[in-house]
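Shown below: input.cif, with mmCIF, C-alpha atoms and all ligand atoms.
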```
data_upload
#
loop_
_atom_site.label_atom_id
_atom_site.label_comp_id
_atom_site.auth_asym_id
_atom_site.auth_seq_id
_atom_site.Cartn_x
_atom_site.Cartn_y
_atom_site.Cartn_z
CA MET A 4 90.99 113.14 112.24
CA PRO A 5 92.80 115.29 114.86
CA ASP A 6 90.38 116.57 117.47
CA GLY A 7 91.28 120.20 116.90
CA PHE A 8 90.18 120.02 113.28
CA ARG A 9 86.87 118.39 114.15
CA HIS A 10 85.87 121.08 116.61
CA TRP A 11 87.10 124.23 114.99
CA PRO A 12 84.44 124.74 112.27
CA VAL A 13 81.49 123.52 114.32
CA THR A 14 81.39 126.57 116.57
CA ALA A 15 81.33 128.74 113.46
CA THR A 16 78.22 127.08 111.97
CA MET A 17 75.63 128.50 114.39
CA GLY A 18 72.90 130.55 112.73
CA ARG A 19 74.09 129.74 109.22
CA VAL A 20 71.91 128.85 106.27
CA THR A 21 72.11 125.25 105.15
CA ILE A 22 72.76 124.08 101.61
CA GLY A 23 72.30 120.52 100.41
CA ILE A 24 74.70 118.97 97.90
CA LEU A 25 74.07 115.85 95.86
CA THR A 26 75.86 114.00 93.08
CA SER A 27 73.61 112.00 90.78
CA GLY A 28 73.79 109.91 87.61
CA GLY A 29 76.94 108.18 86.38
CA ASP A 30 79.92 109.23 88.49
CA CYS A 31 82.96 110.87 86.96
CA PRO A 32 86.34 112.19 88.09
CA GLY A 33 86.02 115.69 89.54
CA LEU A 34 82.81 115.32 91.57
CA ASN A 35 84.74 115.53 94.84
CA ALA A 36 86.59 118.63 93.69
CA VAL A 37 83.22 120.38 93.15
CA ILE A 38 82.08 119.38 96.63
CA ARG A 39 85.33 120.64 98.15
CA GLY A 40 85.24 123.95 96.25
CA ALA A 41 81.62 124.60 97.21
CA VAL A 42 81.98 123.72 100.88
CA ILE A 43 85.22 125.63 101.46
CA LYS A 44 84.03 128.79 99.72
CA GLY A 45 80.56 128.53 101.25
CA ASP A 46 82.05 128.16 104.72
CA ARG A 47 84.83 130.71 104.38
CA ILE A 48 83.17 133.49 102.39
CA HIS A 49 79.42 133.10 102.80
CA HIS A 50 79.33 131.45 106.26
CA GLU A 51 77.05 128.69 105.05
CA SER A 52 76.64 125.17 106.39
CA PHE A 53 76.31 122.12 104.16
CA VAL A 54 74.60 118.78 104.28
CA GLY A 55 75.60 115.88 102.05
CA ILE A 56 72.74 114.01 100.40
CA LYS A 57 73.59 110.35 99.86
CA ASP A 58 73.34 108.68 96.45
CA GLY A 59 71.81 111.55 94.50
CA TRP A 60 68.06 112.03 94.42
CA ARG A 61 67.63 108.75 96.33
CA GLY A 62 69.06 110.31 99.49
CA LEU A 63 66.85 113.34 99.10
CA VAL A 64 63.55 111.49 98.68
CA GLU A 65 64.51 108.91 101.34
CA ASP A 66 65.92 111.54 103.72
CA ASP A 67 69.39 109.98 103.84
CA ILE A 68 71.31 113.13 104.65
CA GLU A 69 74.27 113.99 106.86
CA PRO A 70 76.15 117.14 107.86
CA LEU A 71 79.02 117.94 105.51
CA PRO A 72 81.42 120.08 107.51
CA ARG A 73 84.48 121.70 106.04
CA TYR A 74 86.89 119.23 107.62
CA ASP A 75 85.21 116.39 105.66
CA VAL A 76 86.26 117.86 102.30
CA ARG A 77 89.95 118.35 102.98
CA GLY A 78 92.22 116.94 100.25
CA LEU A 79 89.29 115.86 98.10
CA SER A 80 90.15 117.43 94.76
CA ARG A 81 92.43 114.59 93.70
CA LEU A 82 90.01 111.84 94.70
CA GLY A 83 87.98 110.04 91.99
CA GLY A 84 84.34 108.99 92.41
CA THR A 85 82.12 110.83 94.88
CA ILE A 86 82.22 110.77 98.68
CA LEU A 87 78.43 111.27 98.64
CA GLY A 88 77.67 108.26 96.44
CA THR A 89 75.40 108.41 93.43
CA SER A 90 72.45 106.67 91.83
CA ARG A 91 70.21 107.03 88.82
CA THR A 92 67.10 107.48 90.97
CA ASN A 93 64.54 109.78 89.36
CA PRO A 94 62.89 111.95 92.07
CA PHE A 95 59.71 112.12 90.02
CA ASP A 96 59.25 108.37 90.58
CA HIS A 97 59.37 108.99 94.35
CA GLY A 98 57.07 111.86 95.25
CA GLY A 99 58.61 114.59 93.07
CA ALA A 100 58.74 118.20 94.19
CA ALA A 101 56.36 117.71 97.12
CA ARG A 102 58.60 115.10 98.72
CA VAL A 103 61.77 117.09 97.98
CA ARG A 104 60.24 120.21 99.58
CA GLU A 105 59.23 118.24 102.66
CA VAL A 106 62.69 116.72 103.21
CA MET A 107 64.46 120.02 102.55
CA ALA A 108 62.23 121.74 105.10
CA GLY A 109 63.04 119.04 107.65
CA HIS A 110 66.74 119.94 107.34
CA GLU A 111 66.11 123.69 107.03
CA MET A 112 67.81 123.60 103.65
CA THR A 113 67.51 126.92 101.86
CA GLY A 114 69.08 125.73 98.63
CA LEU A 115 70.26 122.70 96.76
CA ILE A 116 73.31 122.13 94.57
CA ALA A 117 72.68 119.24 92.16
CA ILE A 118 75.80 117.96 90.39
CA GLY A 119 74.91 115.79 87.46
CA GLY A 120 74.56 115.15 83.78
CA GLU A 121 71.67 115.42 81.38
CA GLY A 122 69.26 113.15 83.32
CA THR A 123 70.02 114.72 86.70
CA LEU A 124 69.85 118.30 85.46
CA THR A 125 66.60 117.62 83.61
CA ALA A 126 65.14 116.48 86.93
CA ALA A 127 66.64 119.59 88.59
CA ARG A 128 65.03 121.78 85.94
CA ARG A 129 61.63 120.17 86.49
CA LEU A 130 61.99 120.58 90.27
CA SER A 131 62.98 124.21 89.79
CA ASP A 132 59.92 124.74 87.60
CA GLU A 133 57.90 123.53 90.59
CA GLY A 134 59.57 125.99 92.96
CA ILE A 135 62.46 123.99 94.42
CA PRO A 136 65.50 126.28 95.01
CA VAL A 137 68.15 124.44 93.05
CA VAL A 138 71.36 125.29 91.19
CA GLY A 139 72.92 122.80 88.76
CA VAL A 140 76.56 121.87 88.17
CA PRO A 141 77.25 120.07 84.88
CA LYS A 142 79.28 116.88 85.03
CA THR A 143 79.61 114.08 82.55
CA ILE A 144 82.36 112.28 80.73
CA ASP A 145 80.11 112.46 77.65
CA ASN A 146 80.44 116.27 77.30
CA ASP A 147 76.93 116.27 75.83
CA LEU A 148 75.43 119.20 77.75
CA SER A 149 74.53 122.32 75.84
CA ALA A 150 75.28 125.74 77.29
CA THR A 151 78.70 124.76 78.61
CA ASP A 152 81.80 124.40 76.47
CA TYR A 153 83.10 121.52 78.58
CA THR A 154 81.99 119.37 81.46
CA PHE A 155 84.53 118.06 83.98
CA GLY A 156 85.19 114.32 83.67
CA PHE A 157 85.51 114.54 79.90
CA ASP A 158 89.21 115.42 79.88
CA THR A 159 90.03 112.53 82.23
CA ALA A 160 87.94 110.07 80.19
CA VAL A 161 89.64 111.14 76.97
CA SER A 162 93.08 110.74 78.58
CA ILE A 163 92.23 107.25 79.85
CA ALA A 164 90.78 106.24 76.47
CA THR A 165 93.81 107.61 74.63
CA GLU A 166 96.25 105.75 76.83
CA SER A 167 94.22 102.55 76.44
CA ILE A 168 94.12 102.86 72.65
CA ASP A 169 97.89 103.43 72.60
CA ARG A 170 98.30 100.19 74.56
CA LEU A 171 95.88 98.25 72.36
CA ARG A 172 97.75 99.44 69.30
CA THR A 173 101.03 97.84 70.43
CA THR A 174 99.46 94.41 70.83
CA ALA A 175 97.56 94.82 67.53
CA GLU A 176 100.84 95.67 65.79
CA SER A 177 102.60 92.59 67.18
CA HIS A 178 99.84 90.36 65.79
CA HIS A 179 99.15 92.32 62.59
CA ARG A 180 95.55 92.60 63.69
CA CYS A 181 92.83 95.19 63.42
CA MET A 182 91.58 96.53 66.75
CA VAL A 183 88.11 97.94 67.32
CA VAL A 184 87.90 100.03 70.50
CA GLU A 185 84.49 100.97 71.87
CA VAL A 186 84.32 104.06 74.05
CA MET A 187 81.47 105.60 76.03
CA GLY A 188 79.65 108.82 75.23
CA ARG A 189 76.00 107.83 75.07
CA HIS A 190 74.39 109.52 72.02
CA VAL A 191 77.28 111.82 71.16
CA GLY A 192 80.78 111.14 69.85
CA TRP A 193 82.95 113.59 71.81
CA ILE A 194 85.05 110.98 73.64
CA ALA A 195 85.51 108.94 70.45
CA LEU A 196 86.46 112.02 68.43
CA HIS A 197 89.00 113.37 70.89
CA ALA A 198 90.54 110.02 71.91
CA GLY A 199 90.53 108.90 68.28
CA ILE A 200 92.37 112.00 67.08
CA ALA A 201 94.79 111.88 70.02
CA SER A 202 95.67 108.24 69.36
CA GLY A 203 95.82 108.56 65.57
CA ALA A 204 92.95 106.13 64.89
CA HIS A 205 92.40 105.01 61.30
CA ALA A 206 88.62 105.44 61.65
CA ILE A 207 86.44 107.23 64.19
CA LEU A 208 82.78 106.28 64.24
CA ILE A 209 80.32 108.52 66.05
CA PRO A 210 76.52 108.60 66.36
CA GLU A 211 76.30 111.95 64.57
CA VAL A 212 77.73 110.68 61.26
CA ASP A 213 76.43 107.85 59.07
CA VAL A 214 79.21 105.62 57.75
CA SER A 215 78.72 102.40 55.79
CA LEU A 216 80.46 99.13 56.60
CA GLU A 217 82.08 99.30 53.15
CA GLN A 218 83.65 102.67 53.98
CA ILE A 219 85.01 101.40 57.32
CA CYS A 220 86.49 98.35 55.54
CA GLU A 221 88.14 100.65 53.01
CA TRP A 222 89.85 102.65 55.78
CA VAL A 223 90.92 99.43 57.53
CA GLU A 224 92.41 98.00 54.32
CA MET A 225 94.18 101.26 53.51
CA ALA A 226 95.93 101.16 56.88
CA ARG A 227 96.75 97.46 56.55
CA ASP A 228 98.18 98.02 53.04
CA ARG A 229 100.62 100.55 54.52
CA GLY A 230 101.76 97.93 57.01
CA ARG A 231 99.80 99.42 59.92
CA ALA A 232 97.62 97.63 62.46
CA PRO A 233 94.27 99.33 61.78
CA VAL A 234 92.64 100.96 64.81
CA VAL A 235 88.92 101.76 64.70
CA VAL A 236 87.50 103.85 67.54
CA VAL A 237 83.74 103.53 67.83
CA ALA A 238 81.42 105.44 70.13
CA GLU A 239 78.91 103.25 71.96
CA GLY A 240 76.03 105.16 70.36
CA PHE A 241 77.21 104.65 66.76
CA VAL A 242 74.73 102.92 64.48
CA PRO A 243 76.15 101.66 61.14
CA GLU A 244 74.45 103.03 58.05
CA GLY A 245 71.51 100.89 57.00
CA VAL A 246 71.06 99.40 60.46
CA GLU A 247 68.04 100.59 62.39
CA HIS A 248 69.10 100.19 66.00
CA VAL A 249 72.24 98.74 67.53
CA HIS A 250 72.82 98.40 71.21
CA ALA A 251 72.96 95.50 73.59
CA PRO A 252 69.55 94.63 75.04
CA ARG A 253 70.33 96.20 78.41
CA GLY A 254 67.01 97.92 78.98
CA LEU A 255 66.43 101.50 80.08
CA ASP A 256 67.83 103.50 82.98
CA ALA A 257 65.64 105.33 85.53
CA PHE A 258 65.46 108.35 83.22
CA GLY A 259 64.11 106.15 80.40
CA ARG A 260 67.31 106.18 78.34
CA PRO A 261 68.68 102.99 76.73
CA ARG A 262 71.78 101.46 78.31
CA LEU A 263 74.23 101.37 75.45
CA GLY A 264 77.20 99.15 74.64
CA GLY A 265 77.97 96.30 72.28
CA ILE A 266 78.62 97.93 68.91
CA GLY A 267 82.36 97.12 69.05
CA GLU A 268 81.66 93.43 69.50
CA GLN A 269 79.29 93.50 66.54
CA LEU A 270 81.59 95.46 64.31
CA ALA A 271 84.76 93.40 64.82
CA PRO A 272 83.52 90.11 63.27
CA ALA A 273 81.84 92.02 60.44
CA LEU A 274 85.14 93.77 59.60
CA GLU A 275 87.08 90.52 59.86
CA GLU A 276 84.65 88.76 57.53
CA LYS A 277 84.72 91.49 54.89
CA THR A 278 88.45 92.34 54.99
CA GLY A 279 89.99 89.00 55.97
CA ILE A 280 92.06 90.83 58.62
CA GLU A 281 92.05 89.20 62.03
CA THR A 282 90.14 91.62 64.25
CA ARG A 283 89.61 91.96 67.99
CA SER A 284 87.41 94.32 69.93
CA ALA A 285 87.91 95.94 73.33
CA THR A 286 85.25 97.84 75.23
CA LEU A 287 86.76 100.37 77.62
CA GLY A 288 83.52 100.79 79.57
CA HIS A 289 83.64 102.13 83.11
CA LEU A 290 87.44 102.35 83.14
CA GLN A 291 86.85 105.72 81.51
CA ARG A 292 85.06 107.00 84.61
CA GLY A 293 87.45 105.65 87.21
CA GLY A 294 90.50 106.91 89.05
CA VAL A 295 91.90 110.33 89.75
CA PRO A 296 90.75 113.41 87.80
CA SER A 297 93.16 115.10 85.41
CA ALA A 298 94.56 118.50 86.43
CA TYR A 299 92.21 120.17 83.92
CA ASP A 300 89.16 118.48 85.45
CA ARG A 301 90.26 119.34 89.00
CA VAL A 302 90.52 123.00 88.06
CA LEU A 303 87.21 123.11 86.18
CA ALA A 304 85.38 121.20 88.92
CA THR A 305 86.78 123.45 91.66
CA ARG A 306 85.75 126.58 89.73
CA PHE A 307 82.26 125.13 89.19
CA GLY A 308 81.96 124.36 92.91
CA THR A 309 82.90 127.83 94.06
CA ALA A 310 80.67 129.44 91.42
CA ALA A 311 77.72 127.25 92.46
CA VAL A 312 77.73 128.60 96.03
CA ASP A 313 77.80 132.14 94.65
CA ALA A 314 74.73 131.27 92.54
CA VAL A 315 73.00 129.94 95.66
CA VAL A 316 73.81 133.13 97.60
CA ASP A 317 72.40 135.16 94.69
CA LYS A 318 69.32 132.90 94.64
CA GLN A 319 69.83 132.12 90.97
CA TRP A 320 67.43 129.19 91.21
CA GLY A 321 66.98 127.15 88.05
CA SER A 322 70.44 128.12 86.81
CA MET A 323 73.52 126.07 86.00
CA VAL A 324 77.16 127.10 86.25
CA SER A 325 78.83 126.82 82.92
CA LEU A 326 82.17 127.22 81.14
CA ILE A 327 82.01 129.72 78.30
CA GLY A 328 85.43 130.13 76.75
CA THR A 329 87.59 130.44 79.85
CA ASP A 330 84.95 132.13 82.04
CA ILE A 331 82.52 130.56 84.46
CA GLU A 332 79.03 131.89 83.84
CA SER A 333 75.52 131.20 84.95
CA VAL A 334 73.00 129.87 82.40
CA ASP A 335 69.41 128.73 82.49
CA LEU A 336 68.92 125.01 83.20
CA HIS A 337 66.39 124.97 80.35
CA SER A 338 69.01 125.93 77.78
CA ALA A 339 71.37 123.31 79.18
CA THR A 340 69.00 120.37 79.10
CA THR A 341 66.70 120.72 76.13
CA VAL A 342 69.19 120.04 73.31
CA LEU A 343 72.09 117.58 73.35
CA LYS A 344 75.46 119.03 72.42
CA THR A 345 76.42 116.86 69.50
CA VAL A 346 79.68 116.83 67.52
CA PRO A 347 79.36 119.29 64.61
CA ARG A 348 79.83 117.61 61.24
CA GLU A 349 82.82 119.82 60.39
CA ARG A 350 84.69 118.65 63.50
CA TRP A 351 84.40 115.03 62.29
CA ASP A 352 85.28 116.04 58.71
CA GLU A 353 88.51 117.61 60.00
CA ALA A 354 89.48 114.30 61.57
CA ALA A 355 88.24 112.15 58.66
CA ILE A 356 90.85 113.62 56.30
CA LEU A 357 93.39 111.55 58.24
CA PHE A 358 91.44 108.25 58.26
CA GLY A 359 92.67 105.11 56.49
O1 LIG A 401 76.67 109.26 81.00
C1 LIG A 401 77.86 108.68 81.39
C2 LIG A 401 77.93 107.25 80.97
O2 LIG A 401 79.19 106.73 81.38
C3 LIG A 401 77.69 106.99 79.49
O3 LIG A 401 78.80 107.27 78.71
C4 LIG A 401 77.30 105.53 79.52
O4 LIG A 401 76.47 105.18 78.43
C5 LIG A 401 76.53 105.42 80.80
O5 LIG A 401 76.93 106.49 81.62
C6 LIG A 401 76.74 104.11 81.55
O6 LIG A 401 75.90 104.10 82.65
P1 LIG A 401 76.01 103.08 83.85
O7 LIG A 401 77.13 103.50 84.72
O8 LIG A 401 74.70 103.18 84.53
O9 LIG A 401 76.27 101.72 83.25
#
```
Go through the file and emit its structure as structure tokens.
Amino acid sequence: MPDGFRHWPVTATMGRVTIGILTSGGDCPGLNAVIRGAVIKGDRIHHESFVGIKDGWRGLVEDDIEPLPRYDVRGLSRLGGTILGTSRTNPFDHGGAARVREVMAGHEMTGLIAIGGEGTLTAARRLSDEGIPVVGVPKTIDNDLSATDYTFGFDTAVSIATESIDRLRTTAESHHRCMVVEVMGRHVGWIALHAGIASGAHAILIPEVDVSLEQICEWVEMARDRGRAPVVVVAEGFVPEGVEHVHAPRGLDAFGRPRLGGIGEQLAPALEEKTGIETRSATLGHLQRGGVPSAYDRVLATRFGTAAVDAVVDKQWGSMVSLIGTDIESVDLHSATTVLKTVPRERWDEAAILFG
């Protein structure tokens, strides 16, 4: 870092209010663009200083916090992951609001920007209910948060999944096989729906819609009978009709939610047995969260970051920045975290007309 850059902003930070930023929960492309947008606007327009909290709520309850000057966020919008690190630590397992208040006071933090998904923002909402000055920024590849039309990370994940399915299709075609592709999404099917439509899948299976094994086999055979290599896209949270509970025994995360994954591996042999078509499965897993953010996600994340500092200046504690249509608005964290945004049945029906 050239010396001139290091020293220029420091002189301008005297007497400023300090805002803490953390990224928590599963990472996703665009987190760094939020951090950059918030810090640059906060510094330039509102004359605020920032501290970076390491690894989400862990860094806050363990007081692992460092200054986050403007020169540390240069060029960040194209960088995947998060420069602050993340974890699935639940602050309520580590002293809750009392501990958070104590650490914030130690750093003279007047506000907190928490960037996270459903688990993180639920914790933020509970902290806000107990008087912690916090503003939320919605991120998740799953796109499962209510009160925002889209979360950043989703567009990148869908693009990665679509490209992967396109690639899997070419090898399936060479071998005249059926390919089952499992994508992430937790308990909603947004990634599966969008990547499945984009890649022209012959079946898209999502948690919101019950589908029998017989129906899936029928779609697979229809595609095979037309000389196609059948492609089935399945969301990790899908449970086949008549089955009570399907996910790999991976336990619960710190927010008490099951770790999903494994349905693709279960489905593939079942389809092969019933249809006689050689079938393979591929689980895309964390590939969907890696690498550089798409242009769409960089823009959305940057807009969320700049809007979040405005919300802090306005003391809109307990709020979350949100995309409504094409506008960035401020909504209550309660409305964002109490109901999951699931795929409406009619959206799946639209796609299902093309199955088989
Ligand atoms: O919420 C994002 C997500 O990627 C889900 O789609 C997935 O079920 C989960 O996180 C995986 O979590 P982890 O990174 O802890 O394995």
Contacts of region 133-146 of chain A at 6 Å (only C-alpha atoms; same-chain gap of 2+ positions) as a list of chain:residue names |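 In the requested form, the answer reads A:Gly114, A:Leu115, A:Ile116, A:Ala117, A:Ile118, A:Gly119, A:Gly120, A:Leu130, A:Ser131, A:Leu148, A:Thr154, A:Phe155, A:Gly156, A:Phe157, A:Gly188, A:Trp320, A:Gly321, A:Ser322, A:Met323, A:Val324.
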Contacts between ligand LIG 401 (chain A) and chain A, please, where a residue of chain A counts if it comes within 10 Å (with only C-alpha atoms and all ligand atoms); show its shortest atom pair and distance in Å to one decimal, rows by chain and ascending number, as JSON lines.
```
{"residue": "A:Gly28", "atom": "CA", "partner": "A:LIG401", "partner_atom": "O1", "distance": 7.2}
{"residue": "A:Gly29", "atom": "CA", "partner": "A:LIG401", "partner_atom": "O7", "distance": 5.0}
{"residue": "A:Asp30", "atom": "CA", "partner": "A:LIG401", "partner_atom": "O7", "distance": 7.4}
{"residue": "A:Cys31", "atom": "CA", "partner": "A:LIG401", "partner_atom": "C1", "distance": 7.9}
{"residue": "A:Ser90", "atom": "CA", "partner": "A:LIG401", "partner_atom": "O8", "distance": 8.4}
{"residue": "A:Arg91", "atom": "CA", "partner": "A:LIG401", "partner_atom": "O8", "distance": 7.3}
{"residue": "A:Gly119", "atom": "CA", "partner": "A:LIG401", "partner_atom": "O1", "distance": 9.4}
{"residue": "A:Gly120", "atom": "CA", "partner": "A:LIG401", "partner_atom": "O1", "distance": 6.8}
{"residue": "A:Glu121", "atom": "CA", "partner": "A:LIG401", "partner_atom": "O1", "distance": 7.9}
{"residue": "A:Gly122", "atom": "CA", "partner": "A:LIG401", "partner_atom": "O1", "distance": 8.7}
{"residue": "A:Lys142", "atom": "CA", "partner": "A:LIG401", "partner_atom": "O1", "distance": 9.0}
{"residue": "A:Thr143", "atom": "CA", "partner": "A:LIG401", "partner_atom": "C1", "distance": 5.8}
{"residue": "A:Ile144", "atom": "CA", "partner": "A:LIG401", "partner_atom": "C1", "distance": 5.8}
{"residue": "A:Asp145", "atom": "CA", "partner": "A:LIG401", "partner_atom": "O3", "distance": 5.5}
{"residue": "A:Asn146", "atom": "CA", "partner": "A:LIG401", "partner_atom": "O1", "distance": 8.8}
{"residue": "A:Asp147", "atom": "CA", "partner": "A:LIG401", "partner_atom": "O1", "distance": 8.7}
{"residue": "A:Gly156", "atom": "CA", "partner": "A:LIG401", "partner_atom": "C1", "distance": 9.5}
{"residue": "A:Phe157", "atom": "CA", "partner": "A:LIG401", "partner_atom": "C1", "distance": 9.8}
{"residue": "A:Ala160", "atom": "CA", "partner": "A:LIG401", "partner_atom": "O2", "distance": 9.4}
{"residue": "A:Val186", "atom": "CA", "partner": "A:LIG401", "partner_atom": "O3", "distance": 7.9}
{"residue": "A:Met187", "atom": "CA", "partner": "A:LIG401", "partner_atom": "O3", "distance": 4.1}
{"residue": "A:Gly188", "atom": "CA", "partner": "A:LIG401", "partner_atom": "O3", "distance": 3.9}
{"residue": "A:Arg189", "atom": "CA", "partner": "A:LIG401", "partner_atom": "O4", "distance": 4.3}
{"residue": "A:His190", "atom": "CA", "partner": "A:LIG401", "partner_atom": "O4", "distance": 8.0}
{"residue": "A:Val191", "atom": "CA", "partner": "A:LIG401", "partner_atom": "O3", "distance": 8.9}
{"residue": "A:Gly192", "atom": "CA", "partner": "A:LIG401", "partner_atom": "O3", "distance": 9.9}
{"residue": "A:Ile194", "atom": "CA", "partner": "A:LIG401", "partner_atom": "O3", "distance": 8.9}
{"residue": "A:Ala238", "atom": "CA", "partner": "A:LIG401", "partner_atom": "O3", "distance": 9.2}
{"residue": "A:Glu239", "atom": "CA", "partner": "A:LIG401", "partner_atom": "O4", "distance": 7.2}
{"residue": "A:Gly240", "atom": "CA", "partner": "A:LIG401", "partner_atom": "O4", "distance": 8.1}
{"residue": "A:Arg253", "atom": "CA", "partner": "A:LIG401", "partner_atom": "O9", "distance": 9.4}
{"residue": "A:Leu255", "atom": "CA", "partner": "A:LIG401", "partner_atom": "O8", "distance": 9.5}
{"residue": "A:Asp256", "atom": "CA", "partner": "A:LIG401", "partner_atom": "O8", "distance": 7.0}
{"residue": "A:Ala257", "atom": "CA", "partner": "A:LIG401", "partner_atom": "O8", "distance": 9.4}
{"residue": "A:Arg260", "atom": "CA", "partner": "A:LIG401", "partner_atom": "O4", "distance": 9.2}
{"residue": "A:Pro261", "atom": "CA", "partner": "A:LIG401", "partner_atom": "O4", "distance": 8.3}
{"residue": "A:Arg262", "atom": "CA", "partner": "A:LIG401", "partner_atom": "O4", "distance": 6.0}
{"residue": "A:Leu263", "atom": "CA", "partner": "A:LIG401", "partner_atom": "O4", "distance": 5.3}
{"residue": "A:Gly264", "atom": "CA", "partner": "A:LIG401", "partner_atom": "O4", "distance": 7.2}
{"residue": "A:Gly288", "atom": "CA", "partner": "A:LIG401", "partner_atom": "O2", "distance": 7.6}
{"residue": "A:His289", "atom": "CA", "partner": "A:LIG401", "partner_atom": "O2", "distance": 6.6}
{"residue": "A:Leu290", "atom": "CA", "partner": "A:LIG401", "partner_atom": "O2", "distance": 9.5}
{"residue": "A:Gln291", "atom": "CA", "partner": "A:LIG401", "partner_atom": "O2", "distance": 7.7}
{"residue": "A:Arg292", "atom": "CA", "partner": "A:LIG401", "partner_atom": "O2", "distance": 6.7}
```
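Closest approach to Arg348 (chain A) among A:Asp313, A:Asp67, A:Asp213, A:Asp46 is made by A:Asp213 (distances from all atoms listed in the file).
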Near Ser202 (chain A), counting all atoms listed in the file, which residues have an atom at most 7 Å away, once you skip same-chain residues fewer than 5 positions from it, shown as a ChimeraX atom specification?
-> /A:165,168-169
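Take the candidates A:His50, A:Thr151, A:Ile24, A:Val237 and check each one against Gly88 (chain A) using all atoms listed in the file; the shortest distance goes to A:Ile24.
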For CA of Arg301 (chain A) and CA of Glu349 (chain A), determine how far apart the two atoms are, in Å to one decimal place.
-> 29.6 Å
Mind pulling up the distance from CA of Arg129 (chain A) to CA of Gly328 (chain A)?
->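 CA of Arg129 (chain A) lies at a distance of 27.6 Å from CA of Gly328 (chain A).
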